[in-house]
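Visitor: Sharing entry-v5.pdb (PDB, C-alpha atoms and all ligand atoms) below.
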ATOM      1  CA  MET W   1     -85.340-216.878 -65.586  1.00  0.00           C
ATOM      2  CA  GLU W   2     -82.157-216.344 -63.664  1.00  0.00           C
ATOM      3  CA  LEU W   3     -82.669-215.716 -59.976  1.00  0.00           C
ATOM      4  CA  THR W   4     -80.839-213.080 -57.963  1.00  0.00           C
ATOM      5  CA  VAL W   5     -79.128-214.511 -54.890  1.00  0.00           C
ATOM      6  CA  THR W   6     -78.965-212.336 -51.785  1.00  0.00           C
ATOM      7  CA  LYS W   7     -76.761-213.671 -49.017  1.00  0.00           C
ATOM      8  CA  ASN W   8     -76.941-212.720 -45.329  1.00  0.00           C
ATOM      9  CA  ALA W   9     -80.476-211.343 -45.560  1.00  0.00           C
ATOM     10  CA  THR W  10     -82.136-210.524 -42.261  1.00  0.00           C
ATOM     11  CA  CYS W  11     -85.498-211.931 -41.253  1.00  0.00           C
ATOM     12  CA  THR W  12     -87.455-209.609 -38.958  1.00  0.00           C
ATOM     13  CA  PHE W  13     -90.493-211.802 -38.516  1.00  0.00           C
ATOM     14  CA  CYS W  14     -90.275-213.166 -34.984  1.00  0.00           C
ATOM     15  CA  GLY W  15     -87.692-211.094 -33.202  1.00  0.00           C
ATOM     16  CA  CYS W  16     -84.797-213.560 -33.348  1.00  0.00           C
ATOM     17  CA  VAL W  17     -83.572-211.503 -36.313  1.00  0.00           C
ATOM     18  CA  CYS W  18     -81.692-214.303 -38.093  1.00  0.00           C
ATOM     19  CA  ASP W  19     -79.240-212.533 -40.372  1.00  0.00           C
ATOM     20  CA  ASP W  20     -77.774-215.415 -42.325  1.00  0.00           C
ATOM     21  CA  ILE W  21     -80.639-216.144 -44.690  1.00  0.00           C
ATOM     22  CA  GLU W  22     -79.981-216.719 -48.390  1.00  0.00           C
ATOM     23  CA  LEU W  23     -82.757-215.533 -50.700  1.00  0.00           C
ATOM     24  CA  HIS W  24     -83.325-216.343 -54.358  1.00  0.00           C
ATOM     25  CA  SER W  25     -85.629-213.867 -56.099  1.00  0.00           C
ATOM     26  CA  ASP W  26     -86.854-213.034 -59.585  1.00  0.00           C
ATOM     27  CA  GLY W  27     -87.203-209.281 -59.022  1.00  0.00           C
ATOM     28  CA  GLU W  28     -90.802-209.542 -57.921  1.00  0.00           C
ATOM     29  CA  ARG W  29     -91.001-212.553 -55.620  1.00  0.00           C
ATOM     30  CA  ILE W  30     -88.684-214.517 -53.407  1.00  0.00           C
ATOM     31  CA  LYS W  31     -88.680-218.044 -54.787  1.00  0.00           C
ATOM     32  CA  GLU W  32     -86.360-219.817 -52.375  1.00  0.00           C
ATOM     33  CA  THR W  33     -85.027-219.280 -48.883  1.00  0.00           C
ATOM     34  CA  LYS W  34     -82.078-221.067 -47.357  1.00  0.00           C
ATOM     35  CA  GLY W  35     -81.528-221.020 -43.628  1.00  0.00           C
ATOM     36  CA  ALA W  36     -84.945-219.629 -42.672  1.00  0.00           C
ATOM     37  CA  CYS W  37     -87.273-221.576 -40.401  1.00  0.00           C
ATOM     38  CA  ILE W  38     -90.805-222.380 -41.588  1.00  0.00           C
ATOM     39  CA  LEU W  39     -92.106-219.030 -40.262  1.00  0.00           C
ATOM     40  CA  GLY W  40     -89.337-217.120 -41.999  1.00  0.00           C
ATOM     41  CA  GLN W  41     -89.885-219.032 -45.240  1.00  0.00           C
ATOM     42  CA  SER W  42     -93.572-218.152 -45.186  1.00  0.00           C
ATOM     43  CA  TRP W  43     -92.841-214.516 -44.385  1.00  0.00           C
ATOM     44  CA  PHE W  44     -90.293-214.082 -47.173  1.00  0.00           C
ATOM     45  CA  LYS W  45     -92.260-215.989 -49.800  1.00  0.00           C
ATOM     46  CA  ASN W  46     -95.532-214.179 -49.161  1.00  0.00           C
ATOM     47  CA  HIS W  47     -94.142-210.689 -49.546  1.00  0.00           C
ATOM     48  CA  THR W  48     -93.834-209.324 -53.024  1.00  0.00           C
ATOM     49  CA  ALA W  49     -92.598-206.216 -54.800  1.00  0.00           C
ATOM     50  CA  GLU W  50     -96.056-205.928 -56.388  1.00  0.00           C
ATOM     51  CA  ARG W  51     -98.156-203.070 -55.057  1.00  0.00           C
ATOM     52  CA  LEU W  52    -101.268-204.942 -53.984  1.00  0.00           C
ATOM     53  CA  TYR W  53    -102.604-202.343 -51.581  1.00  0.00           C
ATOM     54  CA  PRO W  54    -102.864-198.552 -51.494  1.00  0.00           C
ATOM     55  CA  ALA W  55    -100.174-196.604 -49.664  1.00  0.00           C
ATOM     56  CA  ALA W  56    -102.604-195.949 -46.801  1.00  0.00           C
ATOM     57  CA  LEU W  57    -106.214-196.145 -45.676  1.00  0.00           C
ATOM     58  CA  VAL W  58    -108.072-193.517 -43.629  1.00  0.00           C
ATOM     59  CA  ASN W  59    -111.441-194.631 -42.314  1.00  0.00           C
ATOM     60  CA  GLY W  60    -111.320-197.509 -44.771  1.00  0.00           C
ATOM     61  CA  ARG W  61    -110.787-195.296 -47.800  1.00  0.00           C
ATOM     62  CA  GLU W  62    -107.660-195.054 -49.929  1.00  0.00           C
ATOM     63  CA  ALA W  63    -105.447-192.157 -48.895  1.00  0.00           C
ATOM     64  CA  THR W  64    -102.013-190.763 -49.530  1.00  0.00           C
ATOM     65  CA  VAL W  65     -99.306-191.205 -46.921  1.00  0.00           C
ATOM     66  CA  ASP W  66     -99.473-187.466 -46.145  1.00  0.00           C
ATOM     67  CA  GLU W  67    -103.238-187.723 -45.558  1.00  0.00           C
ATOM     68  CA  ALA W  68    -102.711-190.754 -43.314  1.00  0.00           C
ATOM     69  CA  VAL W  69    -100.018-188.990 -41.289  1.00  0.00           C
ATOM     70  CA  GLU W  70    -102.301-185.982 -40.849  1.00  0.00           C
ATOM     71  CA  ALA W  71    -105.201-188.210 -39.751  1.00  0.00           C
ATOM     72  CA  ALA W  72    -102.939-190.108 -37.331  1.00  0.00           C
ATOM     73  CA  ALA W  73    -101.720-186.824 -35.833  1.00  0.00           C
ATOM     74  CA  GLU W  74    -105.334-185.698 -35.336  1.00  0.00           C
ATOM     75  CA  PHE W  75    -106.248-189.009 -33.656  1.00  0.00           C
ATOM     76  CA  LEU W  76    -103.221-188.863 -31.369  1.00  0.00           C
ATOM     77  CA  HIS W  77    -103.837-185.219 -30.487  1.00  0.00           C
ATOM     78  CA  ALA W  78    -107.476-185.939 -29.593  1.00  0.00           C
ATOM     79  CA  ALA W  79    -106.748-189.124 -27.640  1.00  0.00           C
ATOM     80  CA  ASP W  80    -107.048-189.154 -23.850  1.00  0.00           C
ATOM     81  CA  MET W  81    -104.882-192.259 -23.506  1.00  0.00           C
ATOM     82  CA  PRO W  82    -102.893-192.694 -26.718  1.00  0.00           C
ATOM     83  CA  LEU W  83    -101.409-196.091 -27.457  1.00  0.00           C
ATOM     84  CA  VAL W  84     -98.613-196.743 -29.909  1.00  0.00           C
ATOM     85  CA  TYR W  85     -99.021-200.403 -30.735  1.00  0.00           C
ATOM     86  CA  GLY W  86     -97.724-202.942 -33.169  1.00  0.00           C
ATOM     87  CA  LEU W  87     -94.128-202.755 -34.316  1.00  0.00           C
ATOM     88  CA  SER W  88     -93.891-206.319 -35.547  1.00  0.00           C
ATOM     89  CA  ASN W  89     -91.861-206.713 -38.714  1.00  0.00           C
ATOM     90  CA  VAL W  90     -90.405-203.225 -38.493  1.00  0.00           C
ATOM     91  CA  THR W  91     -86.849-202.013 -38.438  1.00  0.00           C
ATOM     92  CA  CYS W  92     -84.929-200.713 -35.424  1.00  0.00           C
ATOM     93  CA  GLU W  93     -85.150-197.246 -36.967  1.00  0.00           C
ATOM     94  CA  ALA W  94     -88.953-197.447 -37.168  1.00  0.00           C
ATOM     95  CA  THR W  95     -89.130-198.663 -33.567  1.00  0.00           C
ATOM     96  CA  ARG W  96     -86.923-195.755 -32.492  1.00  0.00           C
ATOM     97  CA  GLU W  97     -89.280-193.295 -34.226  1.00  0.00           C
ATOM     98  CA  ALA W  98     -92.325-194.954 -32.624  1.00  0.00           C
ATOM     99  CA  VAL W  99     -90.780-194.656 -29.160  1.00  0.00           C
ATOM    100  CA  SER W 100     -89.982-190.988 -29.809  1.00  0.00           C
ATOM    101  CA  LEU W 101     -93.560-190.393 -30.942  1.00  0.00           C
ATOM    102  CA  ALA W 102     -94.932-192.174 -27.863  1.00  0.00           C
ATOM    103  CA  GLU W 103     -92.776-190.000 -25.606  1.00  0.00           C
ATOM    104  CA  LEU W 104     -93.833-186.847 -27.469  1.00  0.00           C
ATOM    105  CA  VAL W 105     -97.565-187.466 -27.063  1.00  0.00           C
ATOM    106  CA  GLY W 106     -97.410-189.186 -23.658  1.00  0.00           C
ATOM    107  CA  ALA W 107     -98.537-192.511 -25.045  1.00  0.00           C
ATOM    108  CA  VAL W 108     -98.258-196.024 -23.753  1.00  0.00           C
ATOM    109  CA  ILE W 109     -96.227-198.210 -26.091  1.00  0.00           C
ATOM    110  CA  ASP W 110     -96.714-201.911 -26.610  1.00  0.00           C
ATOM    111  CA  SER W 111     -95.901-204.556 -29.180  1.00  0.00           C
ATOM    112  CA  HIS W 112     -97.810-207.561 -30.437  1.00  0.00           C
ATOM    113  CA  THR W 113     -95.721-209.769 -28.180  1.00  0.00           C
ATOM    114  CA  SER W 114     -97.933-208.810 -25.224  1.00  0.00           C
ATOM    115  CA  LEU W 115    -100.592-211.050 -26.742  1.00  0.00           C
TER     116      LEU W 115
HETATM  117  S1  LIG W 201     -85.901-217.246 -39.728  1.00  0.00           S
HETATM  118 FE1  LIG W 201     -87.419-217.984 -38.238  1.00  0.00          FE
HETATM  119  S2  LIG W 201     -86.336-217.879 -36.266  1.00  0.00           S
HETATM  120 FE2  LIG W 201     -85.202-216.576 -37.710  1.00  0.00          FE
HETATM  121  S3  LIG W 201     -86.059-214.498 -37.439  1.00  0.00           S
HETATM  122 FE3  LIG W 201     -87.180-215.477 -39.126  1.00  0.00          FE
HETATM  123  S4  LIG W 201     -88.991-216.361 -38.169  1.00  0.00           S
HETATM  124 FE4  LIG W 201     -87.521-215.959 -36.539  1.00  0.00          FE
END
Can I see the file as structure tokens?
Ligand code: SF4
Guide:
Amino acid sequence: MELTVTKNATCTFCGCVCDDIELHSDGERIKETKGACILGQSWFKNHTAERLYPAALVNGREATVDEAVEAAAEFLHAADMPLVYGLSNVTCEATREAVSLAELVGAVIDSHTSL
């Protein structure tokens, strides 16, 4: 099978945001990475286009994204000290939205790097 080559791909795994990675993929999996460190290689090669998980979980049960958003809004509304946490492996746009949400609900915001 012929592999698709994507040049100048960006790795968002650790925060260095290397943007000169070359990826070779078969449409479902990345088979080869050039220029990525061992962490980046692992990150790229272990993500797949296959849908292995449901779009969302609410209380451990499969849910639609709309149901998950509604549940998250209810949790945030009921929280005394809301925390917006995580944000690893997300885009700048997603981080911007998370910061806006934190400001809207008066939340503390933190990322996994505080560990
Ligand atoms: S390739 Fe390695 S150093 Fe670069 S962003 Fe990915 S994990 Fe970080």
Visitor: Can you tell me which residues sit at most 7 Å away from ligand LIG 201 (chain W), counting all atoms listed in the file, written as number ranges by chain?
Guide: W: 11-18, 35-40
Visitor: Would you mind exporting the chosen residues as a PDB file, in the coordinates of the input, restricted to C-alpha atoms?
Guide:
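The result, written out as again-v8.pdb:
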ATOM      1  CA  CYS W  11     -85.498-211.931 -41.253  1.00  0.00           C
ATOM      2  CA  THR W  12     -87.455-209.609 -38.958  1.00  0.00           C
ATOM      3  CA  PHE W  13     -90.493-211.802 -38.516  1.00  0.00           C
ATOM      4  CA  CYS W  14     -90.275-213.166 -34.984  1.00  0.00           C
ATOM      5  CA  GLY W  15     -87.692-211.094 -33.202  1.00  0.00           C
ATOM      6  CA  CYS W  16     -84.797-213.560 -33.348  1.00  0.00           C
ATOM      7  CA  VAL W  17     -83.572-211.503 -36.313  1.00  0.00           C
ATOM      8  CA  CYS W  18     -81.692-214.303 -38.093  1.00  0.00           C
ATOM      9  CA  GLY W  35     -81.528-221.020 -43.628  1.00  0.00           C
ATOM     10  CA  ALA W  36     -84.945-219.629 -42.672  1.00  0.00           C
ATOM     11  CA  CYS W  37     -87.273-221.576 -40.401  1.00  0.00           C
ATOM     12  CA  ILE W  38     -90.805-222.380 -41.588  1.00  0.00           C
ATOM     13  CA  LEU W  39     -92.106-219.030 -40.262  1.00  0.00           C
ATOM     14  CA  GLY W  40     -89.337-217.120 -41.999  1.00  0.00           C
TER      15      GLY W  40
END
Visitor: Evaluate the PyMOL selection byres (((chain W and resi 32) around 9) and not hetatm) against this structure - the residues, as a list in words, please.
Guide: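 On the file shown, the PyMOL selection byres (((chain W and resi 32) around 9) and not hetatm) covers Glu22, Leu23, His24, Ser25, Ile30, Lys31, Thr33, Lys34, Gln41, Phe44 and Lys45 of chain W.
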Visitor: Given the PyMOL selection byres (((chain W and resi 110) around 7) and not hetatm) and the file above, list the residues it selects as a PyMOL selection string.
Guide: chain W and resi 84-86+108-109+111-112
Visitor: Please write the residues from the selection above to a file, keeping C-alpha atoms, as a compact mmCIF listing (two decimals), in the frame of the given file.
Guide:
# COMPACT_ATOMS: atom_id res chain seq x y z
CA VAL W 84 -98.61 -196.74 -29.91
CA TYR W 85 -99.02 -200.40 -30.74
CA GLY W 86 -97.72 -202.94 -33.17
CA VAL W 108 -98.26 -196.02 -23.75
CA ILE W 109 -96.23 -198.21 -26.09
CA SER W 111 -95.90 -204.56 -29.18
CA HIS W 112 -97.81 -207.56 -30.44
Visitor: Go ahead and compute the interatomic distance for CA of Leu83 in chain W and CA of Ala107 in chain W, in Å to one decimal.
Guide: 5.2 Å
Visitor: Running the PyMOL selection byres (((chain W and resi 9) around 8) and not hetatm) on this model by hand, what would come out? Give it as a PyMOL selection string.
Guide: chain W and resi 6-8+10-11+19-23
Visitor: Could you pull range 3-70 of chain W out of the block above and save it with C-alpha atoms, as a PDB file, in the first residue's frame?
Guide:
ATOM      1  CA  LEU W   3       1.684   5.732   2.064  1.00  0.00           C
ATOM      2  CA  THR W   4       0.630   9.371   2.141  1.00  0.00           C
ATOM      3  CA  VAL W   5       3.463  11.693   3.141  1.00  0.00           C
ATOM      4  CA  THR W   6       2.587  14.772   5.179  1.00  0.00           C
ATOM      5  CA  LYS W   7       5.409  17.252   5.613  1.00  0.00           C
ATOM      6  CA  ASN W   8       5.680  19.912   8.332  1.00  0.00           C
ATOM      7  CA  ALA W   9       3.167  18.227  10.633  1.00  0.00           C
ATOM      8  CA  THR W  10       2.918  19.666  14.123  1.00  0.00           C
ATOM      9  CA  CYS W  11       3.316  17.561  17.239  1.00  0.00           C
ATOM     10  CA  THR W  12       1.319  18.888  20.195  1.00  0.00           C
ATOM     11  CA  PHE W  13       2.342  16.258  22.700  1.00  0.00           C
ATOM     12  CA  CYS W  14       4.746  17.979  25.077  1.00  0.00           C
ATOM     13  CA  GLY W  15       4.378  21.672  24.472  1.00  0.00           C
ATOM     14  CA  CYS W  16       7.510  22.211  22.379  1.00  0.00           C
ATOM     15  CA  VAL W  17       5.176  22.065  19.370  1.00  0.00           C
ATOM     16  CA  CYS W  18       7.733  20.792  16.844  1.00  0.00           C
ATOM     17  CA  ASP W  19       6.294  21.702  13.461  1.00  0.00           C
ATOM     18  CA  ASP W  20       8.725  20.024  11.106  1.00  0.00           C
ATOM     19  CA  ILE W  21       7.624  16.420  11.468  1.00  0.00           C
ATOM     20  CA  GLU W  22       7.184  14.225   8.395  1.00  0.00           C
ATOM     21  CA  LEU W  23       4.440  11.610   8.692  1.00  0.00           C
ATOM     22  CA  HIS W  24       3.795   8.573   6.519  1.00  0.00           C
ATOM     23  CA  SER W  25       0.259   7.214   6.858  1.00  0.00           C
ATOM     24  CA  ASP W  26      -2.008   4.651   5.235  1.00  0.00           C
ATOM     25  CA  GLY W  27      -5.263   6.553   5.798  1.00  0.00           C
ATOM     26  CA  GLU W  28      -5.929   4.898   9.124  1.00  0.00           C
ATOM     27  CA  ARG W  29      -2.609   4.812  10.959  1.00  0.00           C
ATOM     28  CA  ILE W  30       0.631   6.716  10.934  1.00  0.00           C
ATOM     29  CA  LYS W  31       3.306   4.193  10.030  1.00  0.00           C
ATOM     30  CA  GLU W  32       6.442   6.314  10.141  1.00  0.00           C
ATOM     31  CA  THR W  33       7.539   9.592  11.661  1.00  0.00           C
ATOM     32  CA  LYS W  34      10.623  11.538  10.700  1.00  0.00           C
ATOM     33  CA  GLY W  35      11.958  14.250  12.953  1.00  0.00           C
ATOM     34  CA  ALA W  36       9.851  13.393  16.011  1.00  0.00           C
ATOM     35  CA  CYS W  37      11.485  12.470  19.304  1.00  0.00           C
ATOM     36  CA  ILE W  38      10.594   9.162  20.972  1.00  0.00           C
ATOM     37  CA  LEU W  39       7.608  10.766  22.757  1.00  0.00           C
ATOM     38  CA  GLY W  40       6.329  12.280  19.532  1.00  0.00           C
ATOM     39  CA  GLN W  41       6.796   9.001  17.665  1.00  0.00           C
ATOM     40  CA  SER W  42       4.761   7.168  20.284  1.00  0.00           C
ATOM     41  CA  TRP W  43       2.059   9.833  20.258  1.00  0.00           C
ATOM     42  CA  PHE W  44       1.672   9.855  16.475  1.00  0.00           C
ATOM     43  CA  LYS W  45       1.838   6.088  16.044  1.00  0.00           C
ATOM     44  CA  ASN W  46      -0.689   5.317  18.766  1.00  0.00           C
ATOM     45  CA  HIS W  47      -3.410   7.573  17.437  1.00  0.00           C
ATOM     46  CA  THR W  48      -5.614   6.213  14.727  1.00  0.00           C
ATOM     47  CA  ALA W  49      -8.494   7.317  12.529  1.00  0.00           C
ATOM     48  CA  GLU W  50     -10.451   4.314  13.838  1.00  0.00           C
ATOM     49  CA  ARG W  51     -13.277   5.196  16.201  1.00  0.00           C
ATOM     50  CA  LEU W  52     -12.361   3.069  19.197  1.00  0.00           C
ATOM     51  CA  TYR W  53     -14.354   4.978  21.786  1.00  0.00           C
ATOM     52  CA  PRO W  54     -17.762   6.653  21.948  1.00  0.00           C
ATOM     53  CA  ALA W  55     -17.968  10.384  21.305  1.00  0.00           C
ATOM     54  CA  ALA W  56     -18.478  10.993  25.033  1.00  0.00           C
ATOM     55  CA  LEU W  57     -19.196   9.378  28.381  1.00  0.00           C
ATOM     56  CA  VAL W  58     -21.509  10.753  31.085  1.00  0.00           C
ATOM     57  CA  ASN W  59     -21.274   8.977  34.418  1.00  0.00           C
ATOM     58  CA  GLY W  60     -19.473   6.151  32.653  1.00  0.00           C
ATOM     59  CA  ARG W  61     -22.204   5.611  30.085  1.00  0.00           C
ATOM     60  CA  GLU W  62     -22.012   6.316  26.365  1.00  0.00           C
ATOM     61  CA  ALA W  63     -23.475   9.697  25.474  1.00  0.00           C
ATOM     62  CA  THR W  64     -23.718  12.074  22.570  1.00  0.00           C
ATOM     63  CA  VAL W  65     -21.560  15.185  22.518  1.00  0.00           C
ATOM     64  CA  ASP W  66     -24.672  17.326  23.105  1.00  0.00           C
ATOM     65  CA  GLU W  67     -25.562  15.248  26.182  1.00  0.00           C
ATOM     66  CA  ALA W  68     -21.991  15.565  27.466  1.00  0.00           C
ATOM     67  CA  VAL W  69     -21.971  19.334  26.962  1.00  0.00           C
ATOM     68  CA  GLU W  70     -25.277  19.613  28.819  1.00  0.00           C
TER      69      GLU W  70
END
